[in-house]
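One file, final-v4.cif, carrying mmCIF, C-alpha atoms:
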```
data_final
#
loop_
_atom_site.label_atom_id
_atom_site.label_comp_id
_atom_site.auth_asym_id
_atom_site.auth_seq_id
_atom_site.Cartn_x
_atom_site.Cartn_y
_atom_site.Cartn_z
CA MET A 18 50.42 130.93 80.85
CA SER A 19 53.99 132.21 80.76
CA ARG A 20 56.50 131.35 78.06
CA ASN A 21 58.41 129.18 80.59
CA ASP A 22 55.21 127.25 81.42
CA SER A 23 54.54 126.66 77.74
CA LEU A 24 58.14 125.64 77.06
CA GLY A 25 58.17 123.33 80.09
CA ARG A 26 54.95 121.64 78.98
CA THR A 27 56.30 121.27 75.45
CA TRP A 28 59.52 119.58 76.62
CA LEU A 29 57.73 117.34 79.11
CA THR A 30 55.19 116.37 76.47
CA ALA A 31 57.96 115.55 73.98
CA ALA A 32 59.85 113.51 76.59
CA VAL A 33 56.77 111.52 77.67
CA LEU A 34 55.67 110.81 74.09
CA THR A 35 59.19 109.84 73.02
CA HIS A 36 59.36 107.51 76.02
CA LEU A 37 56.02 105.97 75.01
CA ALA A 38 57.24 105.37 71.45
CA VAL A 39 60.50 103.79 72.65
CA SER A 40 58.52 101.67 75.15
CA ILE A 41 56.35 100.31 72.36
CA VAL A 42 59.40 99.34 70.27
CA HIS A 43 61.07 97.84 73.35
CA GLY A 44 57.92 95.83 74.04
CA ARG A 45 58.10 94.51 70.49
CA ALA A 46 61.72 93.47 71.09
CA HIS A 47 60.60 91.71 74.30
CA ALA A 48 57.96 89.80 72.36
CA GLY A 49 60.23 89.00 69.42
CA ALA A 50 63.03 87.75 71.64
CA ASP A 51 60.52 85.86 73.79
CA VAL A 52 61.60 87.63 76.99
CA PRO A 53 58.69 87.12 79.38
CA LEU A 54 57.92 89.29 82.39
CA SER A 55 56.39 88.14 85.64
CA TYR A 56 52.86 89.19 86.53
CA ALA A 57 54.23 91.79 88.96
CA ALA A 58 56.66 93.15 86.38
CA ASN A 59 53.87 93.38 83.80
CA LEU A 60 51.73 95.32 86.27
CA PHE A 61 54.64 97.68 86.93
CA VAL A 62 55.21 98.18 83.21
CA PHE A 63 51.58 98.95 82.43
CA ILE A 64 50.81 101.06 85.51
CA VAL A 65 54.07 102.91 86.21
CA ILE A 66 56.05 102.89 82.97
CA LEU A 67 53.25 103.31 80.42
CA ALA A 68 50.20 104.80 82.17
CA GLY A 69 51.93 106.85 84.87
CA PRO A 70 53.72 109.38 82.64
CA LEU A 71 50.62 109.75 80.44
CA ILE A 72 48.46 110.43 83.49
CA GLY A 73 51.04 112.98 84.66
CA LEU A 74 50.95 114.59 81.23
CA ALA A 75 47.15 114.81 81.32
CA LEU A 76 47.36 116.43 84.77
CA LEU A 77 49.76 119.16 83.62
CA TRP A 78 46.90 121.39 82.50
CA PRO A 79 44.48 121.25 85.44
CA ALA A 80 47.12 120.59 88.12
CA GLN A 81 50.57 121.45 86.81
CA ARG A 82 52.51 120.73 89.99
CA ILE A 83 50.82 117.37 90.59
CA GLY A 84 51.25 116.37 86.96
CA SER A 85 54.94 117.26 87.10
CA TRP A 86 55.39 115.20 90.25
CA VAL A 87 53.61 112.22 88.70
CA ILE A 88 55.93 112.41 85.69
CA ALA A 89 59.01 112.84 87.88
CA VAL A 90 58.19 109.91 90.17
CA THR A 91 57.00 107.48 87.50
CA MET A 92 59.93 108.21 85.21
CA ALA A 93 62.44 107.87 88.06
CA ALA A 94 60.85 104.57 89.14
CA SER A 95 60.92 103.39 85.51
CA LEU A 96 64.59 104.31 85.28
CA VAL A 97 65.48 102.26 88.36
CA PHE A 98 63.37 99.30 87.16
CA GLY A 99 64.98 99.37 83.72
CA ILE A 100 68.56 99.74 84.91
CA VAL A 101 68.19 96.94 87.44
CA ASN A 102 66.46 94.54 85.03
CA HIS A 103 68.32 95.37 81.81
CA PHE A 104 71.84 96.03 83.09
CA VAL A 105 72.34 94.73 86.65
CA LEU A 106 70.46 91.53 87.47
CA PRO A 107 71.34 88.45 85.45
CA GLY A 108 68.35 86.91 83.74
CA PRO A 109 66.39 86.81 80.50
CA ASP A 110 65.69 90.59 80.67
CA HIS A 111 69.41 91.47 80.83
CA VAL A 112 70.64 92.98 77.55
CA THR A 113 73.43 90.42 77.21
CA HIS A 114 71.08 87.44 77.59
CA VAL A 115 68.65 88.32 74.80
CA ASP A 116 68.68 86.16 71.67
CA ALA A 117 71.18 87.48 69.13
CA PRO A 118 68.68 88.45 66.39
CA TRP A 119 66.88 90.78 68.84
CA ARG A 120 69.82 91.85 71.02
CA THR A 121 70.69 95.06 69.16
CA LEU A 122 67.13 96.39 69.11
CA PHE A 123 66.53 95.27 72.70
CA ALA A 124 69.75 96.87 74.01
CA THR A 125 69.31 100.06 71.98
CA THR A 126 65.77 100.58 73.22
CA ALA A 127 66.82 99.74 76.80
CA VAL A 128 69.44 102.50 76.62
CA LEU A 129 66.97 104.92 75.00
CA LEU A 130 64.42 104.15 77.71
CA ALA A 131 66.98 104.95 80.40
CA ALA A 132 67.90 108.18 78.63
CA THR A 133 64.31 109.37 78.19
CA GLU A 134 63.43 108.41 81.77
CA ALA A 135 66.42 110.25 83.20
CA PHE A 136 65.73 113.28 81.01
CA ALA A 137 62.00 113.42 81.76
CA SER A 138 62.34 112.92 85.51
CA GLY A 139 65.13 115.48 85.70
CA LEU A 140 63.19 117.96 83.58
CA ALA A 141 60.05 117.54 85.68
CA ILE A 142 61.98 117.98 88.94
CA ARG A 143 63.77 121.04 87.58
CA TRP A 144 60.50 122.55 86.41
CA ILE A 145 58.91 121.94 89.83
CA THR A 146 61.81 123.48 91.74
CA GLU A 147 62.10 126.51 89.44
CA ARG A 148 58.43 127.40 89.66
CA LYS A 149 57.45 129.86 92.32
CA SER A 150 54.83 128.71 94.78
CA PRO A 151 51.56 130.63 94.56
CA SER A 152 51.34 133.30 97.24
#
```

Since I need it in another form, could you write the structure as structure tokens?
Amino acid sequence: MSRNDSLGRTWLTAAVLTHLAVSIVHGRAHAGADVPLSYAANLFVFIVILAGPLIGLALLWPAQRIGSWVIAVTMAASLVFGIVNHFVLPGPDHVTHVDAPWRTLFATTAVLLAATEAFASGLAIRWITERKSPS
């Protein structure tokens, strides 16, 4: 494994695990503020936002390119989902509609989720495009 491979895995691992930690805190803010999600939204959260990046991370070792793509796609999809639901569409999941006692934590974690998702998807895409295809 080259130094770039090791460094890429380290950064992707840090990004995915940071995203997971922020997701857990954001989930707590959802529960505390009593912001429910639909069944479909819950499925998306558990499959794409939580499990997807972890599956991609697990795939980095046996199938680096596939794992990177899984991280890139799931993080980009998470970013779109979060921006639309937290900042665009009016509703209980919008940062300005959350009960005041939870609003700061909810909004802060929503912004941190967007930042980690953008960073991780961009990093994964960059790593994919910089790697040479096997000959």

Within 9 Å of range 28-48 of chain A: each range 76-111 of chain A residue with its shortest pair, only C-alpha atoms, as JSON lines:
```
{"residue": "A:Ser85", "atom": "CA", "partner": "A:Leu29", "partner_atom": "CA", "distance": 8.5}
{"residue": "A:Ile88", "atom": "CA", "partner": "A:Val33", "partner_atom": "CA", "distance": 8.1}
{"residue": "A:Met92", "atom": "CA", "partner": "A:Val33", "partner_atom": "CA", "distance": 8.8}
{"residue": "A:Asp110", "atom": "CA", "partner": "A:His47", "partner_atom": "CA", "distance": 8.2}
```

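The smallest atom-to-atom distance between Val62 in chain A and any of A:Phe104, A:Phe123, A:Phe136, A:Phe98, using all atoms listed in the file, is found for A:Phe98.
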
Matched chain/residue IDs from the PyMOL selection byres ((chain A and resi 26) around 12), as number ranges by chain | A: 18-25, 27-34, 73-78, 81-82, 84-85, 88, 137, 140-141, 144-145

Output of the above residues as an mmCIF file, keeping the file's coordinate frame, restricted to C-alpha atoms:
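Output saved as selection.cif:
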```cif
data_model
loop_
_atom_site.group_PDB
_atom_site.id
_atom_site.type_symbol
_atom_site.label_atom_id
_atom_site.label_comp_id
_atom_site.auth_asym_id
_atom_site.auth_seq_id
_atom_site.Cartn_x
_atom_site.Cartn_y
_atom_site.Cartn_z
ATOM 1 C CA MET A 18 50.420 130.930 80.850
ATOM 2 C CA SER A 19 53.990 132.210 80.760
ATOM 3 C CA ARG A 20 56.500 131.350 78.060
ATOM 4 C CA ASN A 21 58.410 129.180 80.590
ATOM 5 C CA ASP A 22 55.210 127.250 81.420
ATOM 6 C CA SER A 23 54.540 126.660 77.740
ATOM 7 C CA LEU A 24 58.140 125.640 77.060
ATOM 8 C CA GLY A 25 58.170 123.330 80.090
ATOM 9 C CA THR A 27 56.300 121.270 75.450
ATOM 10 C CA TRP A 28 59.520 119.580 76.620
ATOM 11 C CA LEU A 29 57.730 117.340 79.110
ATOM 12 C CA THR A 30 55.190 116.370 76.470
ATOM 13 C CA ALA A 31 57.960 115.550 73.980
ATOM 14 C CA ALA A 32 59.850 113.510 76.590
ATOM 15 C CA VAL A 33 56.770 111.520 77.670
ATOM 16 C CA LEU A 34 55.670 110.810 74.090
ATOM 17 C CA GLY A 73 51.040 112.980 84.660
ATOM 18 C CA LEU A 74 50.950 114.590 81.230
ATOM 19 C CA ALA A 75 47.150 114.810 81.320
ATOM 20 C CA LEU A 76 47.360 116.430 84.770
ATOM 21 C CA LEU A 77 49.760 119.160 83.620
ATOM 22 C CA TRP A 78 46.900 121.390 82.500
ATOM 23 C CA GLN A 81 50.570 121.450 86.810
ATOM 24 C CA ARG A 82 52.510 120.730 89.990
ATOM 25 C CA GLY A 84 51.250 116.370 86.960
ATOM 26 C CA SER A 85 54.940 117.260 87.100
ATOM 27 C CA ILE A 88 55.930 112.410 85.690
ATOM 28 C CA ALA A 137 62.000 113.420 81.760
ATOM 29 C CA LEU A 140 63.190 117.960 83.580
ATOM 30 C CA ALA A 141 60.050 117.540 85.680
ATOM 31 C CA TRP A 144 60.500 122.550 86.410
ATOM 32 C CA ILE A 145 58.910 121.940 89.830
#
```

Run the PyMOL selection byres ((chain A and resi 119) around 10) on the file and write out the hits as a ChimeraX atom specification.
-> /A:45-51,112,115-118,120-124

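Computed from the coordinates, the CA of Arg143 in chain A to CA of Val90 in chain A distance equals 12.7 Å.
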